[in-house]
Structure formats: structure tokens, C-alpha cells
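Have a look at structure.cif; it's mmCIF, C-alpha atoms and all ligand atoms:
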data_protein
#
loop_
_atom_site.label_atom_id
_atom_site.label_comp_id
_atom_site.auth_asym_id
_atom_site.auth_seq_id
_atom_site.Cartn_x
_atom_site.Cartn_y
_atom_site.Cartn_z
CA MET A 832 0.00 0.00 0.00
CA ARG A 833 1.27 3.43 -0.89
CA ASP A 834 2.57 5.56 1.96
CA CYS A 835 0.40 8.61 1.39
CA GLU A 836 -1.40 8.96 4.71
CA ASN A 837 0.92 11.66 6.00
CA ALA A 838 1.58 13.42 2.72
CA THR A 839 0.09 16.84 2.02
CA PRO A 840 -3.19 16.29 0.15
CA VAL A 841 -3.02 17.16 -3.54
CA ILE A 842 -5.49 19.33 -5.43
CA LEU A 843 -5.86 19.26 -9.19
CA THR A 844 -8.25 21.37 -11.14
CA GLY A 845 -8.34 23.20 -14.43
CA ASP A 846 -10.11 25.28 -17.02
CA ARG A 847 -10.61 25.15 -20.74
CA PRO A 848 -9.03 28.25 -22.22
CA THR A 849 -12.02 29.24 -24.33
CA GLY A 850 -12.20 32.80 -23.03
CA PRO A 851 -11.30 34.91 -20.02
CA LEU A 852 -12.63 33.76 -16.65
CA HIS A 853 -15.73 35.32 -15.09
CA LEU A 854 -17.52 35.65 -11.78
CA GLY A 855 -19.08 32.20 -12.21
CA HIS A 856 -15.57 30.73 -12.15
CA TYR A 857 -14.75 32.88 -9.14
CA VAL A 858 -17.66 31.59 -7.07
CA GLY A 859 -17.50 28.07 -8.49
CA THR A 860 -13.83 27.29 -8.03
CA LEU A 861 -11.29 30.14 -7.97
CA LYS A 862 -12.23 31.19 -4.46
CA ASN A 863 -11.71 27.65 -3.18
CA ARG A 864 -8.40 27.38 -4.98
CA ILE A 865 -7.11 30.59 -3.41
CA GLU A 866 -8.24 29.51 0.06
CA MET A 867 -6.84 25.98 -0.22
CA GLN A 868 -3.52 26.64 -1.95
CA THR A 869 -1.55 27.33 1.23
CA SER A 870 -2.60 24.16 3.02
CA HIS A 871 -2.41 21.77 0.05
CA ARG A 872 -0.18 20.90 -2.84
CA GLN A 873 -2.11 22.42 -5.74
CA PHE A 874 -1.85 21.92 -9.50
CA VAL A 875 -3.94 24.03 -11.86
CA LEU A 876 -4.19 22.89 -15.44
CA VAL A 877 -4.83 25.09 -18.45
CA ALA A 878 -6.79 22.45 -20.33
CA ASP A 879 -6.02 23.45 -23.91
CA ALA A 880 -6.29 19.91 -25.27
CA GLN A 881 -9.73 19.58 -23.68
CA GLY A 882 -10.60 22.99 -25.14
CA LEU A 883 -10.12 21.47 -28.57
CA THR A 884 -12.84 18.88 -27.93
CA ASP A 885 -15.52 21.46 -28.68
CA ASN A 886 -13.39 23.90 -30.65
CA ALA A 887 -11.86 21.60 -33.26
CA ASP A 888 -12.48 24.22 -35.96
CA ASN A 889 -11.15 27.06 -33.87
CA PRO A 890 -7.73 26.16 -32.46
CA ASP A 891 -6.61 29.80 -32.54
CA ARG A 892 -9.27 30.64 -30.01
CA ILE A 893 -7.75 28.12 -27.59
CA ARG A 894 -4.19 29.28 -28.19
CA ARG A 895 -5.09 32.95 -27.72
CA ASN A 896 -6.87 32.28 -24.46
CA VAL A 897 -4.12 30.28 -22.74
CA ILE A 898 -2.42 33.50 -21.66
CA GLU A 899 -5.75 35.17 -20.82
CA VAL A 900 -6.57 32.39 -18.38
CA CYS A 901 -3.06 32.55 -16.88
CA LEU A 902 -3.46 36.30 -16.41
CA ASP A 903 -6.77 35.70 -14.65
CA TYR A 904 -5.20 33.09 -12.36
CA LEU A 905 -2.35 35.34 -11.30
CA ALA A 906 -4.49 38.47 -11.01
CA VAL A 907 -7.12 36.77 -8.85
CA GLY A 908 -4.55 35.46 -6.39
CA ILE A 909 -3.48 32.01 -7.50
CA ASP A 910 0.10 32.24 -6.37
CA PRO A 911 2.84 30.29 -8.18
CA ALA A 912 4.71 30.14 -4.88
CA TYR A 913 2.01 27.67 -3.75
CA THR A 914 0.32 26.51 -6.94
CA THR A 915 1.84 24.82 -9.96
CA ILE A 916 0.18 26.15 -13.11
CA CYS A 917 0.69 23.92 -16.14
CA LEU A 918 -0.33 23.42 -19.77
CA GLN A 919 -2.21 20.20 -20.50
CA SER A 920 -1.15 19.65 -24.12
CA ALA A 921 2.55 19.91 -23.22
CA ILE A 922 2.34 17.00 -20.76
CA SER A 923 2.28 13.97 -23.05
CA ALA A 924 1.92 11.53 -20.13
CA LEU A 925 -1.66 12.81 -19.77
CA SER A 926 -2.52 11.74 -23.31
CA GLU A 927 -0.87 8.36 -22.78
CA LEU A 928 -2.80 7.76 -19.59
CA THR A 929 -6.01 8.72 -21.42
CA VAL A 930 -5.40 6.05 -24.06
CA LEU A 931 -4.90 3.42 -21.35
CA TYR A 932 -7.95 4.55 -19.35
CA LEU A 933 -10.20 4.39 -22.44
CA ASN A 934 -10.15 0.62 -22.04
CA TYR A 935 -11.73 0.87 -18.60
CA VAL A 936 -14.88 2.74 -19.58
CA THR A 937 -17.66 1.78 -21.96
CA VAL A 938 -19.19 3.93 -24.69
CA ALA A 939 -22.59 3.41 -23.05
CA ARG A 940 -21.25 4.81 -19.76
CA LEU A 941 -19.77 7.82 -21.53
CA GLU A 942 -23.11 8.51 -23.21
CA ARG A 943 -24.92 8.29 -19.87
CA ASN A 944 -22.85 11.01 -18.18
CA PRO A 945 -25.44 13.72 -17.39
CA THR A 946 -22.96 16.59 -17.80
CA ILE A 947 -21.91 15.34 -21.20
CA LYS A 948 -25.56 14.91 -22.20
CA ASP A 949 -26.32 18.52 -21.23
CA GLU A 950 -23.25 19.82 -22.99
CA ILE A 951 -24.01 17.89 -26.17
CA ARG A 952 -27.46 19.47 -26.18
CA ALA A 953 -26.10 22.97 -25.43
CA ARG A 954 -23.53 22.73 -28.21
CA GLY A 955 -26.04 21.41 -30.74
CA PHE A 956 -23.84 18.47 -31.77
CA GLY A 957 -26.91 16.36 -32.56
CA ARG A 958 -25.59 12.97 -33.61
CA ASP A 959 -22.28 14.43 -34.81
CA ILE A 960 -20.49 14.28 -31.48
CA PRO A 961 -16.71 14.47 -31.77
CA ALA A 962 -15.25 11.31 -30.20
CA GLY A 963 -12.81 13.50 -28.29
CA PHE A 964 -15.71 15.35 -26.72
CA LEU A 965 -17.53 12.21 -25.61
CA CYS A 966 -14.28 10.93 -24.13
CA TYR A 967 -13.11 14.10 -22.40
CA PRO A 968 -14.15 12.77 -18.97
CA VAL A 969 -11.57 10.03 -19.50
CA ALA A 970 -8.90 12.62 -20.27
CA GLN A 971 -10.02 14.49 -17.17
CA ALA A 972 -9.63 11.29 -15.16
CA ALA A 973 -6.07 11.19 -16.47
CA ASP A 974 -5.50 14.81 -15.40
CA ILE A 975 -6.74 14.17 -11.87
CA THR A 976 -5.06 10.83 -11.26
CA ALA A 977 -1.73 11.76 -12.88
CA PHE A 978 -1.10 14.16 -10.01
CA LYS A 979 -2.49 11.77 -7.36
CA ALA A 980 -5.04 14.42 -6.54
CA THR A 981 -7.70 13.63 -3.97
CA LEU A 982 -9.47 17.00 -4.07
CA VAL A 983 -10.90 18.73 -7.13
CA PRO A 984 -12.42 22.20 -6.63
CA VAL A 985 -15.03 22.55 -9.38
CA GLY A 986 -18.52 23.80 -10.07
CA ASP A 987 -21.30 21.29 -9.37
CA ASP A 988 -21.68 20.52 -13.09
CA GLN A 989 -18.34 18.70 -12.92
CA VAL A 990 -19.41 16.29 -10.17
CA PRO A 991 -20.52 13.52 -12.60
CA ILE A 992 -17.08 13.73 -14.22
CA ILE A 993 -15.36 13.13 -10.91
CA GLU A 994 -17.70 10.17 -10.28
CA GLN A 995 -16.68 8.73 -13.61
CA THR A 996 -13.02 9.30 -12.74
CA ASN A 997 -13.47 7.27 -9.58
CA GLU A 998 -15.10 4.40 -11.49
CA ILE A 999 -12.07 4.28 -13.76
CA VAL A 1000 -9.75 4.42 -10.74
CA ARG A 1001 -11.53 1.47 -9.11
CA ARG A 1002 -11.42 -0.61 -12.27
CA ILE A 1003 -7.74 -0.01 -12.82
CA ASN A 1004 -6.85 -0.61 -9.17
CA CYS A 1005 -8.85 -3.82 -9.29
CA GLN A 1006 -6.97 -4.91 -12.41
CA ALA A 1007 -3.64 -3.88 -10.88
CA GLY A 1008 -4.37 -5.65 -7.59
CA CYS A 1009 -3.19 -2.62 -5.62
CA GLU A 1010 -4.10 0.99 -5.01
CA ILE A 1011 -2.11 2.42 -7.86
CA LEU A 1012 -4.48 5.35 -8.45
CA LEU A 1013 -6.33 7.46 -5.88
CA GLU A 1014 -10.02 8.31 -5.84
CA ALA A 1015 -10.85 12.01 -5.72
CA LYS A 1016 -13.54 14.18 -4.19
CA ALA A 1017 -15.15 17.20 -5.79
CA VAL A 1018 -14.98 20.35 -3.66
CA VAL A 1019 -18.07 22.34 -4.66
CA PRO A 1020 -19.03 25.78 -3.35
CA LYS A 1021 -21.72 25.97 -0.66
CA ILE A 1022 -23.52 28.75 -2.44
CA GLY A 1023 -24.24 26.69 -5.57
CA ARG A 1024 -24.22 27.95 -9.11
CA LEU A 1025 -24.18 31.62 -10.02
CA PRO A 1026 -27.00 32.41 -12.48
CA GLY A 1027 -26.44 34.43 -15.63
CA VAL A 1028 -27.48 38.09 -15.69
CA SER A 1029 -30.90 37.19 -17.11
CA GLY A 1030 -31.50 34.71 -14.30
CA GLU A 1031 -31.69 31.83 -16.79
CA GLY A 1032 -29.00 29.20 -16.78
CA LYS A 1033 -25.55 29.55 -15.27
CA MET A 1034 -23.18 32.40 -15.98
CA SER A 1035 -21.56 31.58 -19.29
CA LYS A 1036 -19.60 33.41 -21.91
CA SER A 1037 -21.39 31.55 -24.72
CA GLN A 1038 -24.74 32.95 -23.64
CA GLY A 1039 -23.41 36.49 -23.26
CA SER A 1040 -24.38 36.51 -19.60
CA ALA A 1041 -20.91 36.75 -18.10
CA ILE A 1042 -19.20 39.40 -15.98
CA TYR A 1043 -15.49 38.92 -16.52
CA LEU A 1044 -12.83 39.25 -13.83
CA SER A 1045 -11.30 41.82 -16.18
CA ALA A 1046 -14.55 43.82 -16.58
CA SER A 1047 -14.35 47.60 -16.55
CA ARG A 1048 -16.61 49.60 -14.26
CA ALA A 1049 -18.77 50.48 -17.28
CA GLU A 1050 -19.12 46.79 -18.18
CA ILE A 1051 -20.12 45.94 -14.62
CA GLU A 1052 -22.72 48.73 -14.66
CA SER A 1053 -24.13 47.61 -17.97
CA ALA A 1054 -24.43 43.96 -16.81
CA VAL A 1055 -26.06 44.92 -13.52
CA ARG A 1056 -28.47 47.26 -15.30
CA GLN A 1057 -29.69 44.29 -17.37
CA MET A 1058 -30.12 42.04 -14.36
CA TYR A 1059 -33.45 40.37 -13.80
CA THR A 1060 -35.15 41.54 -10.60
CA ASP A 1061 -38.90 41.23 -9.94
CA PRO A 1062 -41.09 42.20 -12.90
CA GLY A 1063 -43.95 42.93 -10.45
CA HIS A 1064 -41.87 45.54 -8.62
CA LEU A 1065 -42.74 48.61 -10.68
CA ARG A 1066 -42.40 51.49 -8.20
CA ALA A 1067 -39.84 51.79 -5.44
CA SER A 1068 -42.69 51.84 -2.94
CA ASP A 1069 -44.14 48.49 -4.14
CA PRO A 1070 -43.27 45.33 -2.18
CA GLY A 1071 -40.83 43.22 -4.18
CA LYS A 1072 -39.72 39.58 -4.38
CA VAL A 1073 -36.28 38.54 -3.20
CA GLU A 1074 -36.50 34.89 -4.32
CA GLY A 1075 -35.39 34.52 -7.93
CA ASN A 1076 -34.17 38.12 -7.93
CA VAL A 1077 -30.74 37.91 -9.51
CA VAL A 1078 -29.44 41.06 -7.82
CA PHE A 1079 -30.00 39.49 -4.41
CA THR A 1080 -28.44 36.21 -5.53
CA TYR A 1081 -25.32 38.18 -6.46
CA LEU A 1082 -25.36 40.18 -3.24
CA ASP A 1083 -25.55 36.90 -1.32
CA ALA A 1084 -22.53 35.66 -3.28
CA PHE A 1085 -20.36 38.78 -3.16
CA ASP A 1086 -21.42 41.28 -0.49
CA PRO A 1087 -19.30 40.64 2.62
CA ASP A 1088 -21.77 42.60 4.79
CA VAL A 1089 -24.33 39.85 5.43
CA ASP A 1090 -26.36 41.94 7.90
CA ALA A 1091 -26.70 44.82 5.45
CA VAL A 1092 -27.95 42.41 2.78
CA ALA A 1093 -30.52 40.97 5.22
CA ASP A 1094 -31.65 44.53 5.88
CA LEU A 1095 -31.97 45.31 2.18
CA LYS A 1096 -34.03 42.15 1.66
CA ALA A 1097 -36.43 43.17 4.42
CA ARG A 1098 -36.83 46.67 2.95
CA TYR A 1099 -37.33 45.30 -0.56
CA ARG A 1100 -40.03 42.89 0.61
CA ARG A 1101 -41.78 45.62 2.57
CA GLY A 1102 -41.62 48.16 -0.23
CA GLY A 1103 -39.55 51.33 -0.26
CA LEU A 1104 -36.36 50.13 -1.91
CA GLY A 1105 -36.09 50.79 -5.64
CA ASP A 1106 -34.25 48.65 -8.18
CA VAL A 1107 -31.94 51.51 -9.10
CA ALA A 1108 -30.64 51.92 -5.54
CA LEU A 1109 -30.41 48.17 -5.07
CA LYS A 1110 -28.43 47.76 -8.27
CA GLN A 1111 -26.14 50.61 -7.32
CA ARG A 1112 -25.11 48.68 -4.22
CA LEU A 1113 -24.30 45.61 -6.31
CA VAL A 1114 -22.23 47.71 -8.74
CA ASP A 1115 -20.23 49.03 -5.78
CA VAL A 1116 -19.74 45.56 -4.31
CA LEU A 1117 -18.59 44.09 -7.63
CA GLU A 1118 -16.34 47.05 -8.37
CA THR A 1119 -14.68 46.60 -4.96
CA LEU A 1120 -13.99 42.94 -5.80
CA ILE A 1121 -12.98 43.37 -9.43
CA ALA A 1122 -11.02 46.67 -9.45
CA PRO A 1123 -7.86 45.27 -7.78
CA ILE A 1124 -8.01 42.14 -9.96
CA ARG A 1125 -8.38 44.32 -13.06
CA GLU A 1126 -5.41 46.46 -12.04
CA ARG A 1127 -3.15 43.50 -11.26
CA ARG A 1128 -4.17 41.91 -14.53
CA ALA A 1129 -3.30 45.02 -16.54
CA ALA A 1130 0.11 45.21 -14.86
CA LEU A 1131 0.83 41.52 -15.54
CA ALA A 1132 -0.33 41.83 -19.15
CA ARG A 1133 2.49 44.28 -19.79
CA HIS A 1134 4.97 41.40 -19.31
CA PRO A 1135 3.50 38.42 -21.17
CA ASP A 1136 6.85 36.62 -21.20
CA ASP A 1137 6.95 36.53 -17.41
CA VAL A 1138 3.45 35.05 -17.40
CA LEU A 1139 4.42 32.39 -19.91
CA ASP A 1140 7.48 31.69 -17.81
CA VAL A 1141 5.27 30.79 -14.85
CA LEU A 1142 3.43 28.37 -17.13
CA ARG A 1143 6.70 27.01 -18.51
CA GLN A 1144 8.17 26.34 -15.06
CA GLY A 1145 4.94 24.78 -13.80
CA THR A 1146 4.65 22.54 -16.84
CA LYS A 1147 8.22 21.33 -16.44
CA ALA A 1148 7.58 20.27 -12.84
CA SER A 1149 4.21 18.71 -13.74
CA LYS A 1150 5.72 16.56 -16.47
CA ILE A 1151 7.85 14.77 -13.90
CA THR A 1152 4.90 14.01 -11.62
CA ALA A 1153 2.64 12.84 -14.46
CA GLN A 1154 5.37 10.68 -15.98
CA GLN A 1155 5.81 8.90 -12.66
CA THR A 1156 2.14 7.96 -12.57
CA LEU A 1157 2.29 6.86 -16.19
CA ASP A 1158 5.27 4.60 -15.46
CA GLU A 1159 3.49 3.02 -12.49
CA THR A 1160 0.28 2.53 -14.45
CA ARG A 1161 2.07 1.00 -17.42
CA GLU A 1162 3.77 -1.41 -15.08
CA ALA A 1163 0.53 -2.29 -13.33
CA LEU A 1164 -1.13 -2.96 -16.69
CA ARG A 1165 1.79 -5.17 -17.74
CA LEU A 1166 2.94 -2.78 -20.48
CA SER A 1167 6.42 -1.97 -19.27
CA ALA A 1168 9.92 -3.05 -20.15
CA LEU A 1169 9.19 -5.87 -22.57
CA VAL A 1170 11.55 -4.49 -25.16
N1 LIG A 1201 -13.69 20.32 -17.51
C1 LIG A 1201 -13.14 21.53 -16.97
C2 LIG A 1201 -13.86 22.72 -17.62
O1 LIG A 1201 -14.71 22.54 -18.44
C3 LIG A 1201 -11.67 21.68 -17.21
C4 LIG A 1201 -10.78 20.58 -16.69
C5 LIG A 1201 -9.89 19.86 -17.42
C6 LIG A 1201 -10.70 20.09 -15.36
N2 LIG A 1201 -9.28 18.96 -16.66
C7 LIG A 1201 -9.72 19.07 -15.39
C8 LIG A 1201 -11.34 20.40 -14.18
C9 LIG A 1201 -9.40 18.33 -14.24
C10 LIG A 1201 -11.01 19.68 -13.03
C11 LIG A 1201 -10.06 18.65 -13.07
O2 LIG A 1201 -13.53 23.85 -17.34
#
Show the structure stored in the file as C-alpha cells.
Ligand code: TRP
Amino acid sequence: MRDCENATPVILTGDRPTGPLHLGHYVGTLKNRIEMQTSHRQFVLVADAQGLTDNADNPDRIRRNVIEVCLDYLAVGIDPAYTTICLQSAISALSELTVLYLNYVTVARLERNPTIKDEIRARGFGRDIPAGFLCYPVAQAADITAFKATLVPVGDDQVPIIEQTNEIVRRINCQAGCEILLEAKAVVPKIGRLPGVSGEGKMSKSQGSAIYLSASRAEIESAVRQMYTDPGHLRASDPGKVEGNVVFTYLDAFDPDVDAVADLKARYRRGGLGDVALKQRLVDVLETLIAPIRERRAALARHPDDVLDVLRQGTKASKITAQQTLDETREALRLSALV
């Protein structure tokens, strides 16, 4: 049995570089990463190869956004002194593990994954699903297990992917006759999923409902102005609904002054608090959160080579870790040292 009881627990998580990161990422996973990085060994993966699974015709989009995502990481407080940031496509052991793992999952199981089903629908693939897309949970299993991660901070939509990872882990361990790979647990935020500005669906760049971590004050104002409140709340003096009111959902997520928010809710319900004043508070709260991130990001963006250097160093270190797991797995599956 592996001697890992006393080792620092490992975190692995990642993002497809399909665009800059937004407040949904912040609530869903970035906040957890920042909080956990000092007490854990953390790897964060820029998942460019996974990005290709639904952007096969648009590889430039993925390439362009690798640096954008790195800028977001560093600006938001993911600190390379604690966290290893690495580039998925440059770590060939991950692809090799994926090929091995594909034998320990069935096509029927891949098609049953509820997240994949939703994403296939959202992307309008119909019956023309790229094989790489259907199989990306297997590649993600490779990402997680390669680093011996036991914790994966993600949004709740990723939970079925972690479950599938653990099924693969159990099958391979069973085949190997020892605990060669570790099962992992999703770390999901208590607050749940942040809705888009319209209140429908989650915050997502594809639906134009995102507030980016790099948003200007004007962009924050414009997004908050469009936010769904309570259509029955016509005059400031009317009683209004708090449930389903996106402005309150955001205040719950971002306003550190919980008592003040409770007070605003009571006033809104009673009548006497207008949408304009309510939205102004949210603009201020979001500006307080985003302004320092925006400034750090702008400063970092002036030195793109330094940012890429962080990625380069992190990738170099990650290759060694992933290769070790690949070697062990190859041996366990009787694929090593025959020639
Ligand atoms: N699937 C994640 C996303 O869509 C990205 C990702 C790739 C990931 N590999 C991972 C997340 C490993 C957690 C663990 O953004």
C-alpha cells in the first residue's frame, strides 16, 4: 500500500481556455483554490487539449486564451509560490494515460454522463459528437489521477465527471491488484451555481451573460443594469420579491456585509427600496472585488513573457509528476519493459 497517509493532500483542477474567466468561475472554483492553496499541494491545469474537444475548428481561439486564463489566475490570487500552473497539451503523459484509461470505460457509460448529455445538447452536436468530446471525462480522469489528486475544486456541473473518474480508478486498481491510483472528491461551493445576468442558466460566456474578472466599471454597470429583478416591482414603494431576484443572488454571493444584505431584503419585501438603488449597491460591491483584480491583470499583461514563464516552469515540474504515474500505471497494466 502506498505511503500517502501523511503526505500533504493534492489538489488538481483546471479550465478550458475558451475565453477569459468570469464571476461564475470565481464563485465556483477560484475562491476555493485561493483559500486551499496554502494548506495543500495544488496543480492548476490550463486544459487546452480539452478545449479542442468542442473547438476543433477554432484552435486559434484556444491558443489565444491560454495566456488570458493565466493572467486571470495570477491576477485573482493564485500564487505560483504555492500553486503549480501547467499546460495540458505539453504533458504527453496525460494523453498516454487517457489512451490506457479508455479501455476501462464503456461507450454506453460515456453517453450516460449527465454533464456530457447537457453539454451535447447545449452545443447542438446532434448525432455528430466528436469522439474526443464524448471521451473528455476520460482525459479528465487522467488529469486528476496523474497528479495523485484527492481534491478537485469545481462547479457542481463537474461532479458527474469526478464520479466517472473514480469508477475508472476502481477498475484499474482492481486490475492492478493494488491501489495504484487514488479516488478524488469534488470540492463544490456551498452557495451553488451563479445564475447568468438574465436569471436563466448559469453564468456563461457563450450565452453572453458573463461578468469577466477583467470587466471595466462600465461593463459591470451595464451587466447589472440588465439584471433580472422582480417584474412585479414597478415602483420603489411596491413590495418586491427577493426569491429569484438575480441582484439578491449576487449580493448573497459577493457582499461581505451579510447583515446589510438581510436589511436590504427586508426593505425590498416591505416596499420602499427601488431597483436603481439596489443595483447601485451591487455595482459598488462588484467594483470593490474586481477593481484590484483588473489592475493586477493590466500590470501583468504588460509582461506576457513573465506570465508564460510561470506556465513554462509549472509545466516542467508537472511533467515529472505525471510521468511517474504513467510509469506506475504502465507497469501495473503489464505494459512496461518488454523491449
Ligand atoms: N472540464 C473543466 C472545464 O470545463 C476543465 C478541466 C480539465 C478540469 N481537466 C480538469 C477540471 C481536471 C477539473 C479537473 O472547465
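Using only C-alpha atoms, the nearest neighbour of Thr1080 (chain A) within the list A:Tyr1099, A:Ala1041, A:Glu1010, A:Gly1023 is A:Gly1023.
Minimum atom-to-atom distances from A:Thr884, A:Asn863, A:Ser1040, A:Ser1029 to Pro968 (chain A) were compared using all atoms listed in the file, and the lowest value belongs to A:Thr884.
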Hey, which bits of chain A sit within 8 Å of ligand LIG 1201 (chain A), and for each residue what's the closest pair of atoms and how far apart in Å (one decimal), counting all atoms listed in the file, rows by chain and increasing number, as JSON lines?
{"residue": "A:Leu843", "atom": "CA", "partner": "A:LIG1201", "partner_atom": "C11", "distance": 5.8}
{"residue": "A:Thr844", "atom": "CA", "partner": "A:LIG1201", "partner_atom": "C10", "distance": 3.7}
{"residue": "A:Gly845", "atom": "CA", "partner": "A:LIG1201", "partner_atom": "C6", "distance": 4.0}
{"residue": "A:Asp846", "atom": "CA", "partner": "A:LIG1201", "partner_atom": "O2", "distance": 3.7}
{"residue": "A:Arg847", "atom": "CA", "partner": "A:LIG1201", "partner_atom": "O2", "distance": 4.7}
{"residue": "A:Pro848", "atom": "CA", "partner": "A:LIG1201", "partner_atom": "O2", "distance": 8.0}
{"residue": "A:Leu876", "atom": "CA", "partner": "A:LIG1201", "partner_atom": "N2", "distance": 6.5}
{"residue": "A:Val877", "atom": "CA", "partner": "A:LIG1201", "partner_atom": "C5", "distance": 7.3}
{"residue": "A:Ala878", "atom": "CA", "partner": "A:LIG1201", "partner_atom": "C5", "distance": 5.0}
{"residue": "A:Gln881", "atom": "CA", "partner": "A:LIG1201", "partner_atom": "C5", "distance": 6.3}
{"residue": "A:Gly882", "atom": "CA", "partner": "A:LIG1201", "partner_atom": "O1", "distance": 7.9}
{"residue": "A:Tyr967", "atom": "CA", "partner": "A:LIG1201", "partner_atom": "N1", "distance": 7.9}
{"residue": "A:Pro968", "atom": "CA", "partner": "A:LIG1201", "partner_atom": "N1", "distance": 7.7}
{"residue": "A:Ala970", "atom": "CA", "partner": "A:LIG1201", "partner_atom": "N2", "distance": 7.3}
{"residue": "A:Gln971", "atom": "CA", "partner": "A:LIG1201", "partner_atom": "N2", "distance": 4.6}
{"residue": "A:Ala972", "atom": "CA", "partner": "A:LIG1201", "partner_atom": "C9", "distance": 7.1}
{"residue": "A:Asp974", "atom": "CA", "partner": "A:LIG1201", "partner_atom": "C9", "distance": 5.4}
{"residue": "A:Ile975", "atom": "CA", "partner": "A:LIG1201", "partner_atom": "C9", "distance": 5.5}
{"residue": "A:Val983", "atom": "CA", "partner": "A:LIG1201", "partner_atom": "C10", "distance": 6.0}
{"residue": "A:Pro984", "atom": "CA", "partner": "A:LIG1201", "partner_atom": "C10", "distance": 7.0}
{"residue": "A:Val985", "atom": "CA", "partner": "A:LIG1201", "partner_atom": "C10", "distance": 6.1}
{"residue": "A:Gln989", "atom": "CA", "partner": "A:LIG1201", "partner_atom": "N1", "distance": 6.7}
{"residue": "A:Ile993", "atom": "CA", "partner": "A:LIG1201", "partner_atom": "C11", "distance": 8.0}
Residue subset to file, keeping C-alpha atoms, as a compact mmCIF listing (two decimals), in the coordinates of the input:
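Just written: result14.txt:
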# COMPACT_ATOMS: atom_id res chain seq x y z
CA LEU A 843 -5.86 19.26 -9.19
CA THR A 844 -8.25 21.37 -11.14
CA GLY A 845 -8.34 23.20 -14.43
CA ASP A 846 -10.11 25.28 -17.02
CA ARG A 847 -10.61 25.15 -20.74
CA PRO A 848 -9.03 28.25 -22.22
CA LEU A 876 -4.19 22.89 -15.44
CA VAL A 877 -4.83 25.09 -18.45
CA ALA A 878 -6.79 22.45 -20.33
CA GLN A 881 -9.73 19.58 -23.68
CA GLY A 882 -10.60 22.99 -25.14
CA TYR A 967 -13.11 14.10 -22.40
CA PRO A 968 -14.15 12.77 -18.97
CA ALA A 970 -8.90 12.62 -20.27
CA GLN A 971 -10.02 14.49 -17.17
CA ALA A 972 -9.63 11.29 -15.16
CA ASP A 974 -5.50 14.81 -15.40
CA ILE A 975 -6.74 14.17 -11.87
CA VAL A 983 -10.90 18.73 -7.13
CA PRO A 984 -12.42 22.20 -6.63
CA VAL A 985 -15.03 22.55 -9.38
CA GLN A 989 -18.34 18.70 -12.92
CA ILE A 993 -15.36 13.13 -10.91
* Using all atoms listed in the file, pick whichever of A:Tyr857, A:Tyr904, A:Tyr935, A:Phe956 has the shortest atom-to-atom distance to Glu998 (chain A). => A:Tyr935
* Compile the contact shell of Asn896 (chain A) as a ChimeraX atom specification: residues with an atom at most 9 Å away, counting only C-alpha atoms, same-chain residues fewer than 2 positions apart removed. => /A:847-851,879,891-894,898-901
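In this model, the gap between CA of Thr946 (chain A) and CA of His853 (chain A) comes to 20.3 Å.
Shortest separation to Leu1120 (chain A) among A:Asn889, A:Ala980, A:Leu928, A:Leu854 occurs at residue A:Leu854, atoms counted being all atoms listed in the file.
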* Using all atoms listed in the file, give me every residue within 7 Å of (-17.7, 36.3, -15.3) in file coordinates, as an MDAnalysis selection string. => chainID A and resid 852:856 1034 1041:1044
* For the atom pair CA of Cys1005 (chain A) and CA of Ala880 (chain A), what is the interatomic distance in Å to one decimal place? -> 28.7 Å
* So which residues touch Leu1109 (chain A) within 9 Å, counting all atoms listed in the file, skipping near sequence neighbours fewer than 6 positions away, as a PyMOL selection string? -> chain A and resi 1078-1079+1095+1099
* To do: Please provide the set of residues having any atom within 7 Å of region 906-914 of chain A, restricted to only C-alpha atoms, with same-chain residues fewer than 6 positions apart removed, written as a PyMOL selection string.
  => chain A and resi 865+868-869+872-875+1124+1127-1128
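Taking only C-alpha atoms, the non-local environment of Pro945 (chain A) within 10 Å (same-chain residues fewer than 4 positions away omitted) comprises Leu941, Asp949, Glu950, Ile951, Asp988, Gln989, Val990, Pro991 and Ile992 of chain A.
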* For Ala1163 (chain A), work out the shell of residues within 10 Å, counting all atoms listed in the file and skipping chain neighbours fewer than 2 positions away, then give it as a PyMOL selection string. => chain A and resi 1003-1004+1006-1009+1011+1157-1161+1165-1167
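Picture a line from CA of Val1077 (chain A) to CA of Gly955 (chain A); it runs 27.3 Å.
In terms of minimum interatomic distance to Asp1086 (chain A), A:Thr1119 ranks closest within A:Ser1047, A:Ser1068, A:Thr839, A:Thr1119, counting all atoms listed in the file.
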